[in-house]
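Peer 1: Below is upload.pdb; it holds PDB, C-alpha atoms.
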```
ATOM      1  CA  MET B   1     174.608 -77.233-119.545
ATOM      2  CA  PRO B   2     173.462 -78.949-116.292
ATOM      3  CA  MET B   3     172.232 -75.725-114.691
ATOM      4  CA  TYR B   4     170.024 -74.943-117.681
ATOM      5  CA  ASN B   5     168.521 -78.439-117.599
ATOM      6  CA  HIS B   6     167.608 -78.106-113.921
ATOM      7  CA  ILE B   7     166.077 -74.661-114.409
ATOM      8  CA  TYR B   8     164.172 -75.837-117.474
ATOM      9  CA  SER B   9     162.701 -78.842-115.636
ATOM     10  CA  ILE B  10     161.346 -76.552-112.917
ATOM     11  CA  VAL B  11     159.966 -73.979-115.347
ATOM     12  CA  GLU B  12     158.418 -76.647-117.581
ATOM     13  CA  ASP B  13     156.519 -78.100-114.606
ATOM     14  CA  PHE B  14     155.283 -74.602-113.783
ATOM     15  CA  VAL B  15     154.109 -73.929-117.359
ATOM     16  CA  LYS B  16     152.289 -77.286-117.497
ATOM     17  CA  ALA B  17     150.529 -76.418-114.234
ATOM     18  CA  VAL B  18     149.496 -73.050-115.689
ATOM     19  CA  GLU B  19     148.111 -74.713-118.821
ATOM     20  CA  GLN B  20     145.814 -76.843-116.661
ATOM     21  CA  GLU B  21     144.395 -73.821-114.837
ATOM     22  CA  LYS B  22     141.751 -71.983-116.879
ATOM     23  CA  ARG B  23     142.050 -68.853-114.742
ATOM     24  CA  TYR B  24     145.658 -68.436-115.924
ATOM     25  CA  SER B  25     144.926 -68.977-119.610
ATOM     26  CA  PHE B  26     145.335 -65.252-120.369
ATOM     27  CA  PHE B  27     149.089 -65.622-119.695
ATOM     28  CA  LEU B  28     149.402 -68.049-122.587
ATOM     29  CA  GLU B  29     147.062 -65.983-124.793
ATOM     30  CA  HIS B  30     149.369 -62.997-124.318
ATOM     31  CA  TRP B  31     152.343 -65.170-125.245
ATOM     32  CA  ASN B  32     150.828 -66.773-128.358
ATOM     33  CA  GLY B  33     149.319 -63.589-129.791
ATOM     34  CA  LYS B  34     146.621 -63.383-132.434
ATOM     35  CA  ARG B  35     148.688 -63.301-135.631
ATOM     36  CA  GLY B  36     152.165 -63.762-136.991
ATOM     37  CA  PRO B  37     154.468 -66.785-137.316
ATOM     38  CA  LYS B  38     154.790 -69.313-134.539
ATOM     39  CA  ARG B  39     157.670 -68.690-132.135
ATOM     40  CA  ARG B  40     160.718 -70.904-132.519
ATOM     41  CA  LEU B  41     161.187 -71.231-128.737
ATOM     42  CA  SER B  42     158.618 -72.379-126.224
ATOM     43  CA  ILE B  43     157.712 -70.105-123.346
ATOM     44  CA  ALA B  44     159.449 -72.502-120.929
ATOM     45  CA  GLN B  45     162.681 -72.185-122.932
ATOM     46  CA  VAL B  46     162.494 -68.388-123.011
ATOM     47  CA  ILE B  47     161.907 -68.139-119.262
ATOM     48  CA  SER B  48     164.661 -70.666-118.524
ATOM     49  CA  LEU B  49     167.167 -68.795-120.685
ATOM     50  CA  ASN B  50     166.363 -65.487-118.989
ATOM     51  CA  LEU B  51     166.887 -67.089-115.578
ATOM     52  CA  LEU B  52     170.074 -68.788-116.735
ATOM     53  CA  ARG B  53     171.533 -65.404-117.722
ATOM     54  CA  PHE B  54     171.501 -64.243-114.106
ATOM     55  CA  THR B  55     172.593 -67.626-112.782
ATOM     56  CA  ILE B  56     175.825 -67.435-114.803
ATOM     57  CA  HIS B  57     176.069 -63.704-113.971
ATOM     58  CA  VAL B  58     175.856 -62.123-117.419
ATOM     59  CA  LYS B  59     174.624 -58.554-117.090
ATOM     60  CA  ASP B  60     173.741 -57.784-120.716
ATOM     61  CA  LEU B  61     171.041 -59.708-122.612
ATOM     62  CA  LYS B  62     172.780 -59.231-125.951
ATOM     63  CA  ALA B  63     176.035 -60.652-124.590
ATOM     64  CA  PHE B  64     174.133 -63.628-123.169
ATOM     65  CA  HIS B  65     172.438 -64.203-126.534
ATOM     66  CA  ARG B  66     175.858 -64.256-128.194
ATOM     67  CA  ILE B  67     177.125 -66.805-125.638
ATOM     68  CA  VAL B  68     174.147 -69.102-126.262
ATOM     69  CA  LYS B  69     174.677 -68.907-130.025
ATOM     70  CA  VAL B  70     178.409 -69.663-129.739
ATOM     71  CA  MET B  71     177.849 -72.576-127.353
ATOM     72  CA  ASP B  72     174.951 -73.835-129.499
ATOM     73  CA  LEU B  73     172.967 -74.414-126.317
ATOM     74  CA  ILE B  74     169.642 -74.016-128.148
ATOM     75  CA  PRO B  75     169.667 -75.221-131.793
ATOM     76  CA  ASP B  76     166.636 -73.106-132.800
ATOM     77  CA  MET B  77     167.829 -69.933-131.072
ATOM     78  CA  PRO B  78     166.333 -66.915-132.895
ATOM     79  CA  ASN B  79     168.184 -63.682-133.577
ATOM     80  CA  TYR B  80     168.615 -61.173-130.767
ATOM     81  CA  GLU B  81     165.686 -58.951-131.755
ATOM     82  CA  ASN B  82     163.190 -61.808-131.766
ATOM     83  CA  PHE B  83     164.607 -63.242-128.540
ATOM     84  CA  LEU B  84     164.197 -59.844-126.870
ATOM     85  CA  LYS B  85     160.575 -59.589-128.051
ATOM     86  CA  ALA B  86     159.857 -63.115-126.812
ATOM     87  CA  SER B  87     161.423 -62.310-123.425
ATOM     88  CA  ASN B  88     159.213 -59.249-123.025
ATOM     89  CA  LYS B  89     156.150 -61.262-124.064
ATOM     90  CA  ALA B  90     156.941 -63.772-121.314
ATOM     91  CA  PHE B  91     157.023 -61.050-118.647
ATOM     92  CA  PRO B  92     153.520 -61.767-117.172
ATOM     93  CA  LEU B  93     154.314 -65.452-116.726
ATOM     94  CA  LEU B  94     157.756 -64.599-115.343
ATOM     95  CA  THR B  95     156.061 -62.468-112.695
ATOM     96  CA  ALA B  96     153.706 -65.319-111.798
ATOM     97  CA  PHE B  97     156.685 -67.672-111.528
ATOM     98  CA  MET B  98     158.454 -65.272-109.139
ATOM     99  CA  GLN B  99     155.318 -65.013-106.995
ATOM    100  CA  LEU B 100     155.161 -68.817-106.826
ATOM    101  CA  LEU B 101     158.768 -68.998-105.625
ATOM    102  CA  LEU B 102     158.051 -66.375-102.960
ATOM    103  CA  LEU B 103     154.932 -68.251-101.858
ATOM    104  CA  GLN B 104     156.913 -71.471-101.503
ATOM    105  CA  ASN B 105     159.445 -69.655 -99.308
ATOM    106  CA  GLN B 106     156.578 -68.406 -97.137
ATOM    107  CA  ARG B 107     155.302 -71.942 -96.658
ATOM    108  CA  ASN B 108     158.772 -73.251 -95.829
ATOM    109  CA  ASN B 109     159.280 -70.710 -93.017
ATOM    110  CA  GLU B 110     158.544 -72.646 -89.824
ATOM    111  CA  SER B 111     159.836 -70.057 -87.325
ATOM    112  CA  HIS B 112     157.357 -67.280 -88.293
ATOM    113  CA  VAL B 113     160.162 -64.751 -87.805
ATOM    114  CA  HIS B 114     160.584 -62.227 -90.600
ATOM    115  CA  PHE B 115     162.795 -59.245 -91.423
ATOM    116  CA  ILE B 116     161.614 -56.212 -93.403
ATOM    117  CA  ASP B 117     163.777 -53.722 -95.252
ATOM    118  CA  SER B 118     163.968 -51.652 -98.425
ATOM    119  CA  THR B 119     166.786 -50.785-100.795
ATOM    120  CA  PRO B 120     167.109 -48.068-103.459
ATOM    121  CA  VAL B 121     167.175 -49.228-107.068
ATOM    122  CA  SER B 122     168.445 -46.451-109.286
ATOM    123  CA  THR B 123     167.554 -46.318-112.978
ATOM    124  CA  CYS B 124     170.233 -43.824-114.003
ATOM    125  CA  LEU B 125     173.109 -41.811-112.595
ATOM    126  CA  ASN B 126     172.154 -38.574-110.832
ATOM    127  CA  ARG B 127     173.911 -36.451-113.429
ATOM    128  CA  ARG B 128     171.672 -37.955-116.136
ATOM    129  CA  ILE B 129     168.314 -37.433-114.443
ATOM    130  CA  PHE B 130     167.174 -34.624-116.738
ATOM    131  CA  ASN B 131     168.067 -36.620-119.875
ATOM    132  CA  HIS B 132     166.557 -39.893-118.680
ATOM    133  CA  ARG B 133     163.306 -40.832-120.461
ATOM    134  CA  VAL B 134     162.512 -44.517-119.931
ATOM    135  CA  THR B 135     161.203 -44.215-116.348
ATOM    136  CA  LYS B 136     160.427 -40.494-116.480
ATOM    137  CA  ASP B 137     156.725 -40.896-115.579
ATOM    138  CA  PHE B 138     157.265 -43.570-112.931
ATOM    139  CA  ALA B 139     160.562 -43.113-111.093
ATOM    140  CA  THR B 140     161.199 -40.329-108.583
ATOM    141  CA  ARG B 141     164.026 -38.989-106.500
ATOM    142  CA  GLY B 142     164.562 -40.532-103.101
ATOM    143  CA  LYS B 143     167.099 -40.479-100.333
ATOM    144  CA  SER B 144     168.776 -43.401 -98.626
ATOM    145  CA  THR B 145     171.566 -43.685 -96.089
ATOM    146  CA  LYS B 146     174.015 -43.466 -99.004
ATOM    147  CA  GLY B 147     172.550 -40.271-100.432
ATOM    148  CA  TRP B 148     170.144 -39.194-103.157
ATOM    149  CA  PHE B 149     169.139 -41.465-106.029
ATOM    150  CA  TYR B 150     166.667 -41.510-108.905
ATOM    151  CA  GLY B 151     164.564 -44.607-109.490
ATOM    152  CA  PHE B 152     162.555 -47.051-107.427
ATOM    153  CA  LYS B 153     162.561 -48.679-104.022
ATOM    154  CA  LEU B 154     162.499 -52.437-103.559
ATOM    155  CA  HIS B 155     160.669 -53.402-100.360
ATOM    156  CA  GLY B 156     161.000 -56.966 -99.160
ATOM    157  CA  VAL B 157     160.500 -59.514 -96.413
ATOM    158  CA  CYS B 158     162.797 -62.459 -95.735
ATOM    159  CA  SER B 159     162.841 -65.355 -93.310
ATOM    160  CA  GLU B 160     165.341 -65.951 -90.524
ATOM    161  CA  LYS B 161     167.384 -68.012 -93.004
ATOM    162  CA  GLY B 162     167.463 -65.163 -95.531
ATOM    163  CA  ALA B 163     164.907 -66.606 -97.988
ATOM    164  CA  LEU B 164     162.903 -63.849 -99.684
ATOM    165  CA  GLU B 165     159.172 -64.179 -98.978
ATOM    166  CA  ALA B 166     157.645 -61.009-100.455
ATOM    167  CA  VAL B 167     158.811 -58.087-102.598
ATOM    168  CA  ALA B 168     157.213 -54.876-103.855
ATOM    169  CA  PHE B 169     158.474 -52.005-105.986
ATOM    170  CA  THR B 170     157.512 -48.384-105.401
ATOM    171  CA  SER B 171     158.777 -45.043-106.615
ATOM    172  CA  GLY B 172     161.834 -43.706-104.816
ATOM    173  CA  ASN B 173     160.025 -41.159-102.645
ATOM    174  CA  VAL B 174     157.658 -43.601-100.881
ATOM    175  CA  HIS B 175     158.368 -43.844 -97.156
ATOM    176  CA  ASP B 176     159.142 -47.307 -95.784
ATOM    177  CA  SER B 177     156.417 -47.189 -93.106
ATOM    178  CA  LYS B 178     153.691 -46.841 -95.760
ATOM    179  CA  MET B 179     154.550 -50.228 -97.250
ATOM    180  CA  VAL B 180     154.304 -52.388 -94.115
ATOM    181  CA  GLU B 181     150.684 -53.443 -94.690
ATOM    182  CA  GLN B 182     151.167 -54.265 -98.361
ATOM    183  CA  VAL B 183     154.439 -56.174 -98.163
ATOM    184  CA  THR B 184     153.281 -58.287 -95.183
ATOM    185  CA  LYS B 185     149.636 -58.845 -96.180
ATOM    186  CA  ASN B 186     149.999 -62.611 -96.797
ATOM    187  CA  LEU B 187     152.263 -63.274 -93.818
ATOM    188  CA  LYS B 188     151.865 -63.735 -90.080
ATOM    189  CA  GLY B 189     154.321 -63.714 -87.197
ATOM    190  CA  SER B 190     156.925 -61.325 -85.827
ATOM    191  CA  PHE B 191     158.481 -58.754 -88.136
ATOM    192  CA  PHE B 192     161.739 -57.000 -87.239
ATOM    193  CA  CYS B 193     162.808 -53.847 -89.057
ATOM    194  CA  ASP B 194     164.769 -50.615 -88.700
ATOM    195  CA  ALA B 195     163.503 -47.291 -87.374
ATOM    196  CA  GLY B 196     162.149 -46.309 -90.788
ATOM    197  CA  TYR B 197     159.176 -48.612 -90.173
ATOM    198  CA  LEU B 198     158.032 -47.010 -86.920
ATOM    199  CA  LYS B 199     154.235 -46.733 -86.719
ATOM    200  CA  ASN B 200     151.815 -45.309 -84.167
ATOM    201  CA  SER B 201     150.081 -47.432 -81.522
ATOM    202  CA  LYS B 202     146.752 -47.605 -83.359
ATOM    203  CA  GLU B 203     148.340 -48.976 -86.514
ATOM    204  CA  LEU B 204     150.408 -51.481 -84.528
ATOM    205  CA  VAL B 205     147.266 -52.763 -82.793
ATOM    206  CA  GLU B 206     145.475 -53.202 -86.139
ATOM    207  CA  LEU B 207     148.416 -55.147 -87.523
ATOM    208  CA  ALA B 208     148.631 -57.261 -84.355
ATOM    209  CA  ASN B 209     144.937 -58.143 -84.659
ATOM    210  CA  SER B 210     145.682 -59.559 -88.103
ATOM    211  CA  GLY B 211     148.553 -61.667 -86.733
ATOM    212  CA  ARG B 212     151.407 -59.327 -87.697
ATOM    213  CA  PHE B 213     153.570 -58.073 -84.823
ATOM    214  CA  ILE B 214     155.934 -55.275 -85.862
ATOM    215  CA  TYR B 215     159.135 -54.673 -83.877
ATOM    216  CA  ALA B 216     161.006 -51.629 -85.136
ATOM    217  CA  ALA B 217     164.357 -50.396 -83.890
ATOM    218  CA  THR B 218     164.257 -47.175 -81.879
ATOM    219  CA  ARG B 219     165.758 -43.851 -82.815
ATOM    220  CA  GLN B 220     168.473 -42.245 -80.696
ATOM    221  CA  ASN B 221     166.000 -39.920 -78.948
ATOM    222  CA  MET B 222     163.532 -42.707 -78.054
ATOM    223  CA  ASN B 223     163.156 -45.065 -75.119
ATOM    224  CA  ARG B 224     161.259 -48.298 -75.552
ATOM    225  CA  LEU B 225     161.034 -51.495 -73.529
ATOM    226  CA  MET B 226     161.828 -54.768 -75.266
ATOM    227  CA  SER B 227     162.837 -58.266 -74.253
ATOM    228  CA  GLY B 228     166.310 -59.685 -74.715
ATOM    229  CA  GLU B 229     165.005 -62.004 -77.441
ATOM    230  CA  GLN B 230     163.526 -59.077 -79.375
ATOM    231  CA  TRP B 231     166.812 -57.198 -79.099
ATOM    232  CA  GLU B 232     168.728 -60.176 -80.490
ATOM    233  CA  TYR B 233     166.378 -60.426 -83.462
ATOM    234  CA  LEU B 234     166.669 -56.705 -84.151
ATOM    235  CA  ARG B 235     170.428 -57.134 -84.310
ATOM    236  CA  LYS B 236     169.957 -59.821 -86.982
ATOM    237  CA  ARG B 237     167.995 -57.616 -89.382
ATOM    238  CA  ASN B 238     171.103 -57.252 -91.550
ATOM    239  CA  ILE B 239     170.156 -60.701 -92.922
ATOM    240  CA  ILE B 240     167.884 -59.077 -95.482
ATOM    241  CA  GLU B 241     170.527 -56.455 -96.210
ATOM    242  CA  SER B 242     172.783 -59.328 -97.258
ATOM    243  CA  ASP B 243     170.102 -60.352 -99.779
ATOM    244  CA  TRP B 244     170.094 -56.839-101.218
ATOM    245  CA  GLY B 245     173.877 -56.857-101.422
ATOM    246  CA  VAL B 246     174.005 -60.138-103.339
ATOM    247  CA  LEU B 247     171.223 -59.036-105.693
ATOM    248  CA  LYS B 248     173.066 -55.830-106.541
ATOM    249  CA  GLN B 249     176.623 -57.126-106.698
ATOM    250  CA  ASN B 250     176.198 -60.592-108.229
ATOM    251  CA  TYR B 251     172.830 -60.374-109.991
ATOM    252  CA  PHE B 252     172.979 -56.784-111.313
ATOM    253  CA  LEU B 253     169.685 -55.653-109.813
ATOM    254  CA  GLU B 254     170.423 -52.008-110.653
ATOM    255  CA  TYR B 255     170.242 -51.645-114.420
ATOM    256  CA  HIS B 256     170.732 -48.390-116.340
ATOM    257  CA  GLN B 257     170.489 -49.642-119.936
ATOM    258  CA  ALA B 258     166.775 -50.511-120.221
ATOM    259  CA  ARG B 259     164.878 -49.204-123.232
ATOM    260  CA  SER B 260     161.343 -49.813-121.955
ATOM    261  CA  MET B 261     159.483 -50.263-118.671
ATOM    262  CA  VAL B 262     158.604 -53.859-119.579
ATOM    263  CA  GLY B 263     162.251 -54.635-120.255
ATOM    264  CA  LEU B 264     163.327 -52.985-117.007
ATOM    265  CA  PHE B 265     160.894 -54.860-114.786
ATOM    266  CA  ARG B 266     161.541 -58.085-116.675
ATOM    267  CA  HIS B 267     165.155 -57.578-115.626
ATOM    268  CA  TYR B 268     164.109 -57.082-111.990
ATOM    269  CA  VAL B 269     161.795 -60.115-111.929
ATOM    270  CA  CYS B 270     164.360 -62.407-113.566
ATOM    271  CA  CYS B 271     167.045 -61.175-111.198
ATOM    272  CA  ILE B 272     164.993 -61.954-108.071
ATOM    273  CA  SER B 273     163.713 -65.280-109.437
ATOM    274  CA  ALA B 274     167.194 -66.461-110.417
ATOM    275  CA  TYR B 275     168.513 -65.537-106.968
ATOM    276  CA  ILE B 276     165.794 -67.539-105.208
ATOM    277  CA  LEU B 277     166.322 -70.496-107.529
ATOM    278  CA  GLU B 278     170.089 -70.566-107.110
ATOM    279  CA  CYS B 279     169.696 -70.529-103.326
ATOM    280  CA  ARG B 280     167.621 -73.705-103.706
ATOM    281  CA  LEU B 281     169.604 -75.339-106.499
ATOM    282  CA  LYS B 282     172.933 -75.508-104.686
ATOM    283  CA  SER B 283     172.209 -79.171-104.079
ATOM    284  CA  PHE B 284     169.939 -79.426-107.175
ATOM    285  CA  PRO B 285     166.683 -80.503-105.462
ATOM    286  CA  ARG B 286     163.492 -80.907-107.466
ATOM    287  CA  ILE B 287     160.938 -78.234-106.551
ATOM    288  CA  LYS B 288     157.319 -79.312-106.511
ATOM    289  CA  THR B 289     155.195 -76.888-108.527
ATOM    290  CA  ARG B 290     151.803 -75.986-107.106
ATOM    291  CA  ILE B 291     149.473 -73.167-108.036
TER     292      ILE B 291
END
```
Would you mind writing the structure in this file as structure tokens?
Peer 2:
Amino acid sequence: MPMYNHIYSIVEDFVKAVEQEKRYSFFLEHWNGKRGPKRRLSIAQVISLNLLRFTIHVKDLKAFHRIVKVMDLIPDMPNYENFLKASNKAFPLLTAFMQLLLLQNQRNNESHVHFIDSTPVSTCLNRRIFNHRVTKDFATRGKSTKGWFYGFKLHGVCSEKGALEAVAFTSGNVHDSKMVEQVTKNLKGSFFCDAGYLKNSKELVELANSGRFIYAATRQNMNRLMSGEQWEYLRKRNIIESDWGVLKQNYFLEYHQARSMVGLFRHYVCCISAYILECRLKSFPRIKTRI
């Protein structure tokens, strides 16, 4: 499958770069383990297969495993249980790979214009909240423009072209304005967001001193001066909302069938990573891997 080969070439370069960095050796130690038989698949193959699942838009890991076995894509493909365990073991390195993709998008943003937004990520239907156990100690109830939900919030920053540059997960009851400093800590420039990110003058000055200028939309009972250029950028903040829409509709960001927290966040990380990769791989360029 051509798409798998392109994904694998990128991931393999990343894994080789990690192997050369001693400070990242604990990722591979977690993967190899201390005892037991040697894994039939390499960590690059496991990561590539997990990313391929979202690229071909297969929601369920078991269904994807069945497809790979039928197509004989990987001759040494283990059974589903062992593949699931290997996927969860690769979670730390998957997270590092996603952070690398986000960092590359930050470096490729030449306009220094960013858009901030959050989206609810439910972990179960509202009628099943009291029976839900997987995220019981982590998820909370929150409210969005579409109503109440139970789960997490995904906070993110994207460029003017819609490329994701930073993401962060919080529980569902965390207010958007509390995440501005964290989600923008490695970025500089102008940030445009909705009224949920309004902050007081002191906080805005502190952010401006660090090179981060926050422009939030006003509420109906507020008056605020802004230039025509700022107004035009505020009208474009639906760019990041388009990212959320694609992630939820085409990449199945919201997932209600997880059996562990590691499996759930592995799903989230693979979903976001596959989305970033597919945006780049439309013309199949070779991405240079740097740590």
Peer 1: Kindly indicate which residue among B:Ser159, B:Thr119, B:Asn82, B:Asn209 lies nearest to Asn105 in chain B, using all atoms listed in the file for the distances.
Peer 2: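 Ranking B:Ser159, B:Thr119, B:Asn82, B:Asn209 by distance to Asn105 in chain B, first place goes to B:Ser159.
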Peer 1: Run through the PyMOL selection byres ((chain B and resi 53-55) around 8) on the given coordinates and return the selected residues as an NGL selection string.
Peer 2: :B and (49-52 or 56-59 or 61 or 64 or 251 or 270-271 or 274-275 or 278)
Peer 1: Apply the PyMOL selection byres ((chain B and resi 87) around 8) to the structure shown and report the selected residues as a PyMOL selection string.
Peer 2: chain B and resi 46-47+50+83-86+88-91+266
Peer 1: Which protein, DNA or RNA residues have an atom at most 10 Å from (151.1, -62.6, -90.2), counting only C-alpha atoms? List them as a PyMOL selection string.
Peer 2: chain B and resi 112-114+184-191+207-214
Peer 1: Any chance you could resolve the PyMOL selection byres ((chain B and resi 1) around 12) against this file and give the residues as a short mmCIF file (atom, residue, chain, number, x, y, z; two decimals) with C-alpha atoms, in the coordinates of the input?
Peer 2:
```
data_model
loop_
_atom_site.label_atom_id
_atom_site.label_comp_id
_atom_site.auth_asym_id
_atom_site.auth_seq_id
_atom_site.Cartn_x
_atom_site.Cartn_y
_atom_site.Cartn_z
CA PRO B 2 173.46 -78.95 -116.29
CA MET B 3 172.23 -75.72 -114.69
CA TYR B 4 170.02 -74.94 -117.68
CA ASN B 5 168.52 -78.44 -117.60
CA HIS B 6 167.61 -78.11 -113.92
CA ILE B 7 166.08 -74.66 -114.41
CA TYR B 8 164.17 -75.84 -117.47
CA SER B 48 164.66 -70.67 -118.52
CA LEU B 49 167.17 -68.80 -120.68
CA LEU B 52 170.07 -68.79 -116.74
CA THR B 55 172.59 -67.63 -112.78
CA ILE B 56 175.82 -67.44 -114.80
CA VAL B 68 174.15 -69.10 -126.26
CA MET B 71 177.85 -72.58 -127.35
CA ASP B 72 174.95 -73.83 -129.50
CA LEU B 73 172.97 -74.41 -126.32
CA ILE B 74 169.64 -74.02 -128.15
#
```
